[in-house]
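> Take a look at the following structure, please.
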Protein chains: 2
Amino acid sequence: MTYRAPLNDMLLALNHGAGLKAALEAGHYGDFDPDIAAAVLEEAGKFATDVLAPLNRVGDQNGIKLKDGKVTTAPGWPDAYKRWTEAGWNAVSGSEDFGGQGLPAAINAACTEIWSASNVAFGLCPLLTASAIEALDAHGSDELKKIYLGKLISGEWTGTMQLTEPQAGSDVGALRTRAEPAGDGTYRLNGSKIFITYGEHDMTDNIVHFVLARLPDAPGGTKGISLFLVPKFLVNADGSLGARNDIYASGVEHKLGMHASPTCTMTMGDHGGAIGYLIGEENQGMRCMFTMMNQARLGVGLEGVGIADRAYQHALAYAQERRQGRAVGKQGEGSDPIIVHPDIKRMLLQMRALTAAARSICYATAVALDVSMRAKDAKVRAEAAARGALLTPIAKAFSTDIGSEVAYLGVQVHGGMGFIEETGAAQYYRDARITSIYEGTNGIQAIDLVTRKLGANGGAAVWALLSELSGIVKQVEASNDPAFGTTGAKLRDGLASLERTSKWLLERLASAPNEALAGATPYLRLFGSAVGGCMLAHEALAAKAEGGDAQRHVAVARFFAENVTVQAGALERTVMDSADSVVGADAVLLG
Amino acid sequence: MTYRAPLNDMLLALNHGAGLKAALEAGHYGDFDPDIAAAVLEEAGKFATDVLAPLNRVGDQNGIKLKDGKVTTAPGWPDAYKRWTEAGWNAVSGSEDFGGQGLPAAINAACTEIWSASNVAFGLCPLLTASAIEALDAHGSDELKKIYLGKLISGEWTGTMQLTEPQAGSDVGALRTRAEPAGDGTYRLNGSKIFITYGEHDMTDNIVHFVLARLPDAPGGTKGISLFLVPKFLVNADGSLGARNDIYASGVEHKLGMHASPTCTMTMGDHGGAIGYLIGEENQGMRCMFTMMNQARLGVGLEGVGIADRAYQHALAYAQERRQGRAVGKQGEGSDPIIVHPDIKRMLLQMRALTAAARSICYATAVALDVSMRAKDAKVRAEAAARGALLTPIAKAFSTDIGSEVAYLGVQVHGGMGFIEETGAAQYYRDARITSIYEGTNGIQAIDLVTRKLGANGGAAVWALLSELSGIVKQVEASNDPAFGTTGAKLRDGLASLERTSKWLLERLASAPNEALAGATPYLRLFGSAVGGCMLAHEALAAKAEGGDAQRHVAVARFFAENVTVQAGALERTVMDSADSVVGADAVLLG
């Protein structure tokens with residue numbers, strides 16, 4: 001079962017649900033030619049189908065091997081990576097000043113979905129390189145950019161993000177890796193990091209590590225963290241590779257999924273200290289890290305979308321092929337494909353609608369980030385930045401929750417075969433599980449949503465979004481299309497719940513912060529359910545306006561509204577009613 | 001992290017939520033001494049903690065090996081099985097006429113939870129033996145019982161259920177294995193079966209297979225299926241083992257989880273045909289199979305409860321030990337255990353409340369089955385049988401859905417460590433995944449609930465249950481205990497949604513069966529959410545009446561009502577609003 005990028009659905013989501021078309025028409029994308037989007041996605045889809053998808057299972061089965069500090073990836077992977085860079089896929093969104101194609105984040109987001117759907121463990125490597133590029137581009141010195149940025153953008157070298165230590169996971173401020181000035185402008189790093197994705201591999205000649213560490217006498221906590229660029233091999237003045245730096249993979253994890261992606265323990269300082277170069281200013285590492293993180297969070301959300309879509313395609317094909325039982329009322333001999341059974345239809349619709357909503361939310365986040373950087377008007381840029389900041393935790397957490405939910409259903413559609421590894425459905429279920437955890441757990445995302453994003457400017461970004469989405473609801477209701485079923489009412493109720501819950505949380509943020517935190521996760525779900533529903537309705541309306549086969553988009557929007565957005569009222573009640581019981585739960589949990 | 005049976009919670013659920021105490025007081029259990037329950041569970045808990053729990057991870061890591069038709073289980077497993085039978089655990093609920101202890105199904109249900117929590121892949125073997133015992137006891141000839149029943153009850157031999165073939169999964173009627181009369185009262189079986197749990201192993205001298213097959217000239221479909229007892233080794237007149245029968249494991253599956261439990265492909269007839277003995281009458285195999293199935297369905301539901309409780313215990317211990325960040329508003333140095341964070345508390349409460357509700361539903365099913373067999377009054381027996389039949393699909397599907405949900409949260413509480421296999425949380429997540437599939441997928445359970453159980457006698461069993469549960473709601477409201485929060489209102493709304501949805505589905509069953517089937521899965525969820533909430537409230541009320549530490553039971557009931565039962569209204573709308581869109585989904589799915 002291969003993967004085919006759902007180009008029509010992706011373009012509809014990009015142009016309408018995510019608002020690319022409106023932003024283009026408003027001139028926020030300058031002279032960017034929208035026809036490029038379709039052409040790029042089509043080529044990306046071909047590369048994914050031809051090169052990446054066939055290696056997905058190979059990677060899962062073979063995993064990676066660590067021997068004498070060297071990691072061997074699965075058969076075919078180094079060659080695929082070479083083809084990937086040669087075809088220019090690593091450079092899609094990189095700066096044109098350093099050899100990148102400078103395409104919008106929105107196009108790159110759609111590509112990221114495609115890489116994740118075809119081979120998520122492969123796509124994870126360039127995802128981290130992209131984060132490294134962001135940090136270097138935003139905060140690095142011209143000299144460092146000159147040496148490293150071009151090679152990272154082309155993909156000739158890959159990047160890593162090194163934050164986590166055993167005592168410092170979600171609590172990054174607790175990290176202990178030390179960096180001491182060497183007197184020549186460079187630093188010597190000592191310490192070790194865990195959970196470092198692609199910390200070591202055999203796909204490129206060099207790896208550029210971005211490491212958070214603490215200077216001597218730095219303040220405690222997050223205020224005393226600095227970011228360093230630590231290359232695996234030092235780079236000579238002529239750009240050639242020099243000495244091996246003192247940073248080594250000393251272990252790899254045995255994981256539930258993502259078997260093809262090496263998750264390394266990295267050790268620095270066994271031979272005098274790893275040479276590192278400061279990125280940004282001393283003790284400003286958290287700021288740099290958030291630059292990396294925001295990029296990576298959207299990317300991980302798109303992993304959720306990609307895995308979900310792959311699981312859906314796999315399950316749909318199986319449901320059309322596997323014959324068991326007969327449709328209700330059917331006479332005669334022979335069995336029907338299981339897709340005739342309403343319960344199977346329901347599962348497939350659930351998979352498709354959840355995936356489509358998560359896709360639209362992720363793409364909308366990317367469009368907002370584009371506009372925040374490309375629009376001419378400063379106010380437009382600022383509002384878009386607030387929109388992007390607001391949507392990022394939802395894009396990450398809602399989409400990855402959905403990745404696991406959809407992969408769960410994908411296994412279920414397969415019945416007993418789903419539990420057999422050979423079938424392939426189980427791999428999506430295993431791989432998806434990490435996406436709700438890394439780059440900030442989904443709980444951390446929910447807390448970020450409530451405290452920083454809703455909390456900013458009295459909720460201004462939320463009110464602006466609600467106002468925009470209520471316009472879509474009016475259009476749905478005005479359409480009087482019976483195919484929408486109760487979509488309009490469900491979306492209206494969903495937005496009303498979102499507004500009331502947002503206000504309630506804003507009040508609690510000041511008066512009873514633990515109660516606001518207790519409601520963070522159901523609030524994020526409510527947010528995604530309401531916003532995703534409106535975006536799908538927007539897409540359905542646009543498809544109707546464009547003519548052609550709009551019926552299926554209307555049906556997906558309706559299903560989402562009647563099966564997912566409909567839960568908004570219950571989520572509102574959960575946030576408000578159960579906050580104090582969650583906060584006071586110690587008697588239950590520790591009793 | 002070991003496992004400790006939560007005896008107090010289990011006894012509270014058994015006596016109150018499940019109604020054992022009331023049934024005892026009404027005399028339905030004859031002279032059964034209720035003090036035995038606590039003593040048995042305590043001993044079961046000890047055996048689980050000491051013997052079974054330590055082998056859970058050993059089994060997962062070592063898996064099983066098939067060589068030359070022989071299966072080797074993980075190190076320590078054959079010895080543990082020996083200790084299991086010697087301690088009498090296999091015989092808990094078996095008939096006293098054949099050496100069993102004749103304890104009620106309710107006690108056995110609680111034990112099954114304990115075995116599943118400590119080591120689900122181990123517990124699966126006796127679970128299938130129990131199903132075989134049920135079928136043989138209910139339908140077997142005296143001669144077969146004399147030879148096999150005692151050994152199956154003691155556990156000296158294990159049993160298997162052999163239904164599935166590649167083309168016959170949920171659609172059992174499509175099976176092709178042939179059985180031909182040998183002229184001496186026995187039959188010769190030819191064919192092959194897949195997904196046969198413990199179809200071959202090294203823990204006992206003999207295995208007694210219960211095989212569905214088709215006689216020559218049998219009618220097509222489910223009406224032409226017969227059940228046969230097919231021993232691995234034939235049994236001589238003196239009870240000693242004779243010749244090897246022609247039934248062999250020809251393959252084992254590589255699965256997502258349950259690695260320690262061999263899932264075999266079985267081949268019969270390579271050497272002239274396996275000798276089989278008819279159970280029940282010719283072409284009555286489906287009836288016999290349902291006897292096995294109902295027993296097994298409740299058992300699988302209890303696997304869901306057990307895995308959930310184990311995942312909860314594991315996560316709770318981690319949350320008390322792992323330190324990251326600090327509680328809101330806390331000053332000074334040092335980090336707090338993550339259980340101080342409201343979002344972590346929410347996840348743990350969700351795990352605990354879901355587990356508790358599923359437990360109560362499963363135990364209530366067992367109590368109903370007991371009363372249906374033990375009560376003196378025929379009307380009481382009939383009503384209890386209807387109750388047991390109604391609750392069985394909910395016990396199976398709701399509890400196993402919850403098993404996966406709770407295991408998902410268990411991984412999440414562990415953060416990045418949850419994805420590392422060494423931690424152990426991932427095993428529960430993998431193991432739980434099959435429970436929603438085997439013994440009838442959860443979709444099949446939902447269809448059974450709507451068509452056979454709700455559909456029986458105009459929904460009489462549902463109305464009787466609703467009437468009983470509304471009495472609990474009144475008590476909650478009358479208690480005026482502010483610790484219940486909005487529990488009373490949530491349960492009242494939940495039961496009202498359940499009643500309206502049941503009526504709507506009953507109508508559609510006749511007029512538009514596909515629309516009823518389309519709503520089956522959300523209806524089952526609604527059923528479990530409303531009924532489970534009432535049972536937990538019942539337990540909280542009982543704990544208050546008994547005095548002592550009732551606060552935590554009130555808090556669990558409240559959390560469930562405000563976080564799970566609260567979704568009933570949305571589920572009701574989903575069933576009613578989206579039925580026709582699900583039925584007409586082909587345009588979306590195949591477009």
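By convention here, the chains of the structure tokens are called A, B, ... in the order presented, each chain's residues are numbered starting at 1, and ligands are numbered starting at 1 in the order presented.
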Any idea what's packed within 6 Å of region 318-326 of chain A, counting only C-alpha atoms, ignoring anything in its chain fewer than 3 positions away? Could you give it as a PyMOL selection string?
(chain A and resi 315+335-339) or (chain B and resi 171)
> If you run DSSP on the backbone, which residues of region 142-359 of chain A are helix (DSSP H, G or I), as an NGL selection string?
:A and (142-154 or 172-174 or 221-224 or 285-321 or 338-340 or 342-359)
> Go ahead and save the residues from that selection, with C-alpha atoms, as a tab-separated table (two decimals), in the first residue's frame.

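Final output, result-v6.tsv:
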```
chain	number	residue	atom	x	y	z
A	142	ASP	CA	27.47	36.48	9.63
A	143	GLU	CA	30.61	34.39	9.89
A	144	LEU	CA	28.76	31.32	11.18
A	145	LYS	CA	26.05	31.78	8.58
A	146	LYS	CA	28.65	31.93	5.84
A	147	ILE	CA	30.16	28.62	6.91
A	148	TYR	CA	27.08	26.66	7.91
A	149	LEU	CA	23.86	28.11	6.57
A	150	GLY	CA	24.23	27.17	2.93
A	151	LYS	CA	25.18	23.59	3.73
A	152	LEU	CA	22.25	23.24	6.11
A	153	ILE	CA	19.82	24.72	3.61
A	154	SER	CA	20.99	22.42	0.85
A	172	VAL	CA	14.62	23.07	30.18
A	173	GLY	CA	15.94	25.49	32.79
A	174	ALA	CA	17.27	22.58	34.82
A	221	GLY	CA	17.03	28.47	35.47
A	222	THR	CA	16.09	29.54	31.98
A	223	LYS	CA	17.78	32.91	32.29
A	224	GLY	CA	21.22	31.32	32.33
A	285	GLY	CA	19.52	30.77	24.62
A	286	MET	CA	15.85	30.40	25.51
A	287	ARG	CA	14.93	33.07	22.98
A	288	CYS	CA	16.92	31.25	20.29
A	289	MET	CA	15.41	27.98	21.40
A	290	PHE	CA	11.89	29.31	20.96
A	291	THR	CA	12.77	30.29	17.41
A	292	MET	CA	13.74	26.67	16.78
A	293	MET	CA	10.80	25.35	18.78
A	294	ASN	CA	8.03	27.26	17.04
A	295	GLN	CA	9.19	26.04	13.68
A	296	ALA	CA	9.51	22.52	15.03
A	297	ARG	CA	6.11	22.58	16.74
A	298	LEU	CA	4.29	23.31	13.52
A	299	GLY	CA	6.41	20.65	11.84
A	300	VAL	CA	5.42	18.08	14.45
A	301	GLY	CA	1.77	19.03	14.03
A	302	LEU	CA	2.21	18.27	10.35
A	303	GLU	CA	3.70	14.90	11.27
A	304	GLY	CA	0.38	14.22	13.00
A	305	VAL	CA	-1.50	15.21	9.85
A	306	GLY	CA	0.80	13.16	7.63
A	307	ILE	CA	0.62	9.99	9.71
A	308	ALA	CA	-3.15	10.38	9.95
A	309	ASP	CA	-3.54	10.73	6.21
A	310	ARG	CA	-1.32	7.73	5.54
A	311	ALA	CA	-3.26	5.64	8.05
A	312	TYR	CA	-6.48	6.75	6.39
A	313	GLN	CA	-5.32	5.84	2.91
A	314	HIS	CA	-4.16	2.45	4.15
A	315	ALA	CA	-7.45	1.73	5.95
A	316	LEU	CA	-9.58	2.96	3.07
A	317	ALA	CA	-7.81	0.67	0.62
A	318	TYR	CA	-8.23	-2.27	2.98
A	319	ALA	CA	-11.93	-1.53	3.50
A	320	GLN	CA	-12.50	-1.54	-0.23
A	321	GLU	CA	-10.67	-4.82	-0.70
A	338	ILE	CA	-16.43	-4.08	4.50
A	339	ILE	CA	-16.80	-0.45	3.44
A	340	VAL	CA	-20.51	-1.16	2.94
A	342	PRO	CA	-22.09	1.75	8.39
A	343	ASP	CA	-19.73	1.30	11.33
A	344	ILE	CA	-16.75	1.01	8.96
A	345	LYS	CA	-17.96	4.05	7.03
A	346	ARG	CA	-18.17	5.94	10.30
A	347	MET	CA	-14.59	5.08	11.22
A	348	LEU	CA	-13.28	6.09	7.79
A	349	LEU	CA	-15.22	9.36	7.86
A	350	GLN	CA	-13.92	10.07	11.33
A	351	MET	CA	-10.38	9.47	10.11
A	352	ARG	CA	-10.83	11.66	7.07
A	353	ALA	CA	-12.60	14.53	8.82
A	354	LEU	CA	-10.16	14.68	11.74
A	355	THR	CA	-7.22	14.63	9.35
A	356	ALA	CA	-8.70	17.36	7.16
A	357	ALA	CA	-9.37	19.66	10.13
A	358	ALA	CA	-5.89	19.20	11.54
A	359	ARG	CA	-4.40	19.88	8.11
```
> Within 7 Å of chain B, which residues belong to chain A? Use only C-alpha atoms and report them as a ChimeraX atom specification.
/A:170-171,253-256,324-325,328,342-343,345-346,412,415-416,419-421,426,434,437-438,441,443,514,517-518,552,555,559,562-563,566-567,570,574,577-578,581-583,585,587-588
> Quick one: residues within 12 Å of Ala375 (chain A), only C-alpha atoms counted, chain neighbours fewer than 5 positions away excluded, as JSON, numbers by chain?
{"A": [23, 24, 25, 26, 27, 28, 29, 30, 31, 32, 367, 368, 369, 370, 380, 381, 382, 383, 384, 385]}
> Can you write just those residues out, N, CA and C atoms, as a PDB file, in the first residue's frame?

```
ATOM      1  N   ALA A  23      -4.877  35.925   1.453  1.00  0.00           N
ATOM      2  CA  ALA A  23      -3.630  36.641   1.745  1.00  0.00           C
ATOM      3  C   ALA A  23      -2.928  37.057   0.460  1.00  0.00           C
ATOM      4  N   LEU A  24      -2.998  36.187  -0.546  1.00  0.00           N
ATOM      5  CA  LEU A  24      -2.418  36.527  -1.848  1.00  0.00           C
ATOM      6  C   LEU A  24      -3.137  37.724  -2.448  1.00  0.00           C
ATOM      7  N   GLU A  25      -4.487  37.652  -2.387  1.00  0.00           N
ATOM      8  CA  GLU A  25      -5.281  38.730  -2.974  1.00  0.00           C
ATOM      9  C   GLU A  25      -5.061  40.052  -2.248  1.00  0.00           C
ATOM     10  N   ALA A  26      -4.764  39.956  -0.965  1.00  0.00           N
ATOM     11  CA  ALA A  26      -4.505  41.179  -0.194  1.00  0.00           C
ATOM     12  C   ALA A  26      -3.088  41.695  -0.423  1.00  0.00           C
ATOM     13  N   GLY A  27      -2.337  40.947  -1.187  1.00  0.00           N
ATOM     14  CA  GLY A  27      -0.981  41.401  -1.518  1.00  0.00           C
ATOM     15  C   GLY A  27       0.075  41.058  -0.473  1.00  0.00           C
ATOM     16  N   HIS A  28      -0.313  40.231   0.517  1.00  0.00           N
ATOM     17  CA  HIS A  28       0.636  39.945   1.593  1.00  0.00           C
ATOM     18  C   HIS A  28       1.781  39.045   1.158  1.00  0.00           C
ATOM     19  N   TYR A  29       1.621  38.376   0.024  1.00  0.00           N
ATOM     20  CA  TYR A  29       2.684  37.481  -0.432  1.00  0.00           C
ATOM     21  C   TYR A  29       3.525  38.119  -1.543  1.00  0.00           C
ATOM     22  N   GLY A  30       3.380  39.433  -1.709  1.00  0.00           N
ATOM     23  CA  GLY A  30       4.173  40.119  -2.736  1.00  0.00           C
ATOM     24  C   GLY A  30       3.899  39.530  -4.103  1.00  0.00           C
ATOM     25  N   ASP A  31       4.962  39.222  -4.824  1.00  0.00           N
ATOM     26  CA  ASP A  31       4.776  38.741  -6.198  1.00  0.00           C
ATOM     27  C   ASP A  31       4.846  37.218  -6.290  1.00  0.00           C
ATOM     28  N   PHE A  32       4.635  36.544  -5.173  1.00  0.00           N
ATOM     29  CA  PHE A  32       4.653  35.069  -5.203  1.00  0.00           C
ATOM     30  C   PHE A  32       3.567  34.555  -6.152  1.00  0.00           C
ATOM     31  N   VAL A 367       0.367  29.992   7.075  1.00  0.00           N
ATOM     32  CA  VAL A 367       0.000  31.218   6.344  1.00  0.00           C
ATOM     33  C   VAL A 367       0.171  32.430   7.258  1.00  0.00           C
ATOM     34  N   ALA A 368      -0.264  32.284   8.522  1.00  0.00           N
ATOM     35  CA  ALA A 368      -0.114  33.404   9.455  1.00  0.00           C
ATOM     36  C   ALA A 368       1.368  33.753   9.644  1.00  0.00           C
ATOM     37  N   LEU A 369       2.215  32.741   9.736  1.00  0.00           N
ATOM     38  CA  LEU A 369       3.652  33.007   9.896  1.00  0.00           C
ATOM     39  C   LEU A 369       4.207  33.693   8.655  1.00  0.00           C
ATOM     40  N   ASP A 370       3.759  33.259   7.480  1.00  0.00           N
ATOM     41  CA  ASP A 370       4.183  33.919   6.242  1.00  0.00           C
ATOM     42  C   ASP A 370       3.806  35.400   6.253  1.00  0.00           C
ATOM     43  N   VAL A 380      -0.639  44.633   9.962  1.00  0.00           N
ATOM     44  CA  VAL A 380      -0.994  43.319   9.415  1.00  0.00           C
ATOM     45  C   VAL A 380       0.026  42.275   9.878  1.00  0.00           C
ATOM     46  N   ARG A 381       1.296  42.633   9.825  1.00  0.00           N
ATOM     47  CA  ARG A 381       2.335  41.700  10.269  1.00  0.00           C
ATOM     48  C   ARG A 381       2.151  41.339  11.742  1.00  0.00           C
ATOM     49  N   ALA A 382       1.874  42.342  12.554  1.00  0.00           N
ATOM     50  CA  ALA A 382       1.733  42.094  13.998  1.00  0.00           C
ATOM     51  C   ALA A 382       0.519  41.210  14.283  1.00  0.00           C
ATOM     52  N   GLU A 383      -0.573  41.481  13.603  1.00  0.00           N
ATOM     53  CA  GLU A 383      -1.776  40.660  13.834  1.00  0.00           C
ATOM     54  C   GLU A 383      -1.560  39.224  13.357  1.00  0.00           C
ATOM     55  N   ALA A 384      -0.853  39.116  12.243  1.00  0.00           N
ATOM     56  CA  ALA A 384      -0.572  37.769  11.741  1.00  0.00           C
ATOM     57  C   ALA A 384       0.375  37.029  12.685  1.00  0.00           C
ATOM     58  N   ALA A 385       1.320  37.761  13.250  1.00  0.00           N
ATOM     59  CA  ALA A 385       2.239  37.117  14.198  1.00  0.00           C
ATOM     60  C   ALA A 385       1.466  36.599  15.411  1.00  0.00           C
TER      61      ALA A 385
END
```
> Where in region 63-311 of chain B does DSSP assign strand (DSSP E or B), given as a ChimeraX atom specification?
/B:65-67,70-72,158-162,165,168,178-181,187-197,207-214,226-231,233-235,241-244,247-252,255,263-268,274-279
> Please produce an output containing C-alpha atoms for each residue in the selection, written as a tab-separated table (two decimals), in the first residue's frame.

```
chain	number	residue	atom	x	y	z
B	65	LYS	CA	9.51	-19.06	19.56
B	66	LEU	CA	8.12	-21.59	17.07
B	67	LYS	CA	10.42	-24.34	15.87
B	70	LYS	CA	6.71	-26.52	18.92
B	71	VAL	CA	6.26	-23.23	20.73
B	72	THR	CA	8.60	-22.20	23.52
B	158	THR	CA	-5.53	-25.62	28.41
B	159	GLY	CA	-8.23	-24.87	25.87
B	160	THR	CA	-8.36	-22.91	22.63
B	161	MET	CA	-11.13	-21.36	20.55
B	162	GLN	CA	-10.64	-21.92	16.84
B	165	GLU	CA	-9.88	-18.40	8.96
B	168	ALA	CA	-13.75	-15.76	7.94
B	178	ARG	CA	-14.25	-29.49	6.89
B	179	ALA	CA	-15.27	-32.25	9.31
B	180	GLU	CA	-16.18	-35.67	7.96
B	181	PRO	CA	-17.82	-38.42	10.01
B	187	TYR	CA	-14.90	-36.93	12.86
B	188	ARG	CA	-11.84	-36.10	10.77
B	189	LEU	CA	-11.06	-32.42	10.43
B	190	ASN	CA	-9.17	-30.82	7.56
B	191	GLY	CA	-8.38	-27.16	7.11
B	192	SER	CA	-6.53	-24.37	8.74
B	193	LYS	CA	-7.25	-21.64	11.26
B	194	ILE	CA	-5.52	-18.34	11.95
B	195	PHE	CA	-5.12	-16.10	14.99
B	196	ILE	CA	-5.36	-19.04	17.42
B	197	THR	CA	-4.30	-17.80	20.82
B	207	ILE	CA	-4.11	-28.75	24.68
B	208	VAL	CA	-7.82	-29.15	24.01
B	209	HIS	CA	-8.86	-27.32	20.88
B	210	PHE	CA	-12.44	-26.28	20.26
B	211	VAL	CA	-12.78	-26.00	16.52
B	212	LEU	CA	-15.60	-24.71	14.36
B	213	ALA	CA	-15.96	-26.69	11.15
B	214	ARG	CA	-18.43	-27.56	8.46
B	226	SER	CA	-20.56	-27.41	14.07
B	227	LEU	CA	-18.24	-27.38	17.07
B	228	PHE	CA	-15.63	-30.07	17.65
B	229	LEU	CA	-13.31	-30.92	20.48
B	230	VAL	CA	-9.92	-31.72	18.98
B	231	PRO	CA	-7.23	-32.68	21.49
B	233	PHE	CA	-2.92	-35.61	22.11
B	234	LEU	CA	-5.63	-38.24	22.05
B	235	VAL	CA	-6.58	-39.55	25.47
B	241	LEU	CA	-2.07	-39.43	26.75
B	242	GLY	CA	-2.10	-41.37	23.51
B	243	ALA	CA	-1.21	-40.55	19.93
B	244	ARG	CA	-0.40	-37.06	18.65
B	247	ILE	CA	-3.39	-30.57	14.43
B	248	TYR	CA	-0.20	-28.51	14.34
B	249	ALA	CA	0.96	-24.91	14.69
B	250	SER	CA	2.37	-24.01	11.30
B	251	GLY	CA	3.11	-20.35	11.99
B	252	VAL	CA	3.04	-17.61	14.60
B	255	LYS	CA	2.31	-8.66	16.60
B	263	THR	CA	-0.92	-16.44	18.08
B	264	CYS	CA	-0.81	-19.48	15.87
B	265	THR	CA	-1.82	-20.60	12.46
B	266	MET	CA	-3.14	-24.14	12.98
B	267	THR	CA	-3.15	-26.79	10.29
B	268	MET	CA	-5.34	-29.90	10.44
B	274	ALA	CA	-7.44	-34.42	12.97
B	275	ILE	CA	-9.70	-36.57	15.10
B	276	GLY	CA	-12.53	-34.50	16.53
B	277	TYR	CA	-15.52	-35.10	18.77
B	278	LEU	CA	-18.78	-33.27	18.21
B	279	ILE	CA	-19.86	-30.81	20.91
```
> What are the closest atom pairs, with distances in Å to one decimal, for each residue of region 432-541 of chain B lying within 10 Å of region 2-21 of chain B, using only C-alpha atoms, rows by chain and rising residue number, as a tab-separated table?

```
residue	atom	partner	partner_atom	distance
B:Val531	CA	B:Gly17	CA	9.8
B:Gly532	CA	B:Gly17	CA	8.6
B:Gly533	CA	B:Gly17	CA	9.7
B:Cys534	CA	B:Gly17	CA	8.0
B:Met535	CA	B:Gly17	CA	4.4
B:Leu536	CA	B:Gly17	CA	6.2
B:Ala537	CA	B:Gly17	CA	8.0
B:His538	CA	B:Gly17	CA	5.7
B:Glu539	CA	B:Gly17	CA	5.3
B:Ala540	CA	B:Leu12	CA	8.9
B:Leu541	CA	B:His16	CA	9.1
```
> For the residues in the current selection, export C-alpha atoms as an mmCIF file, in the first residue's frame.

```cif
data_model
loop_
_atom_site.group_PDB
_atom_site.id
_atom_site.type_symbol
_atom_site.label_atom_id
_atom_site.label_comp_id
_atom_site.auth_asym_id
_atom_site.auth_seq_id
_atom_site.Cartn_x
_atom_site.Cartn_y
_atom_site.Cartn_z
ATOM 1 C CA VAL B 531 -24.194 3.821 33.193
ATOM 2 C CA GLY B 532 -20.603 3.955 34.400
ATOM 3 C CA GLY B 533 -21.217 7.396 35.885
ATOM 4 C CA CYS B 534 -24.234 6.155 37.826
ATOM 5 C CA MET B 535 -22.342 3.142 39.130
ATOM 6 C CA LEU B 536 -19.479 5.298 40.389
ATOM 7 C CA ALA B 537 -21.979 7.617 42.080
ATOM 8 C CA HIS B 538 -23.597 4.569 43.669
ATOM 9 C CA GLU B 539 -20.209 3.523 45.026
ATOM 10 C CA ALA B 540 -19.535 7.010 46.367
ATOM 11 C CA LEU B 541 -22.890 7.063 48.146
#
```
> Counting only C-alpha atoms, what is within 8 Å of Leu391 (chain B), bar same-chain residues fewer than 6 positions away, as a list in words?
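Near neighbours after the sequence-gap exclusion: Ile361, Cys362, Ala364 and Thr365 of chain B.
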> Quick one: write out the picked residues with N, CA and C atoms as a short mmCIF file (atom, residue, chain, number, x, y, z; two decimals), in the first residue's frame?

```
data_model
loop_
_atom_site.label_atom_id
_atom_site.label_comp_id
_atom_site.auth_asym_id
_atom_site.auth_seq_id
_atom_site.Cartn_x
_atom_site.Cartn_y
_atom_site.Cartn_z
N ILE B 361 -18.79 -1.63 35.40
CA ILE B 361 -19.65 -2.19 34.36
C ILE B 361 -19.35 -3.68 34.16
N CYS B 362 -18.08 -4.02 34.13
CA CYS B 362 -17.73 -5.44 33.96
C CYS B 362 -18.21 -6.29 35.13
N ALA B 364 -20.65 -5.62 37.13
CA ALA B 364 -22.11 -5.69 37.10
C ALA B 364 -22.59 -6.74 36.10
N THR B 365 -21.86 -6.87 35.01
CA THR B 365 -22.20 -7.90 34.03
C THR B 365 -22.07 -9.28 34.66
#
```
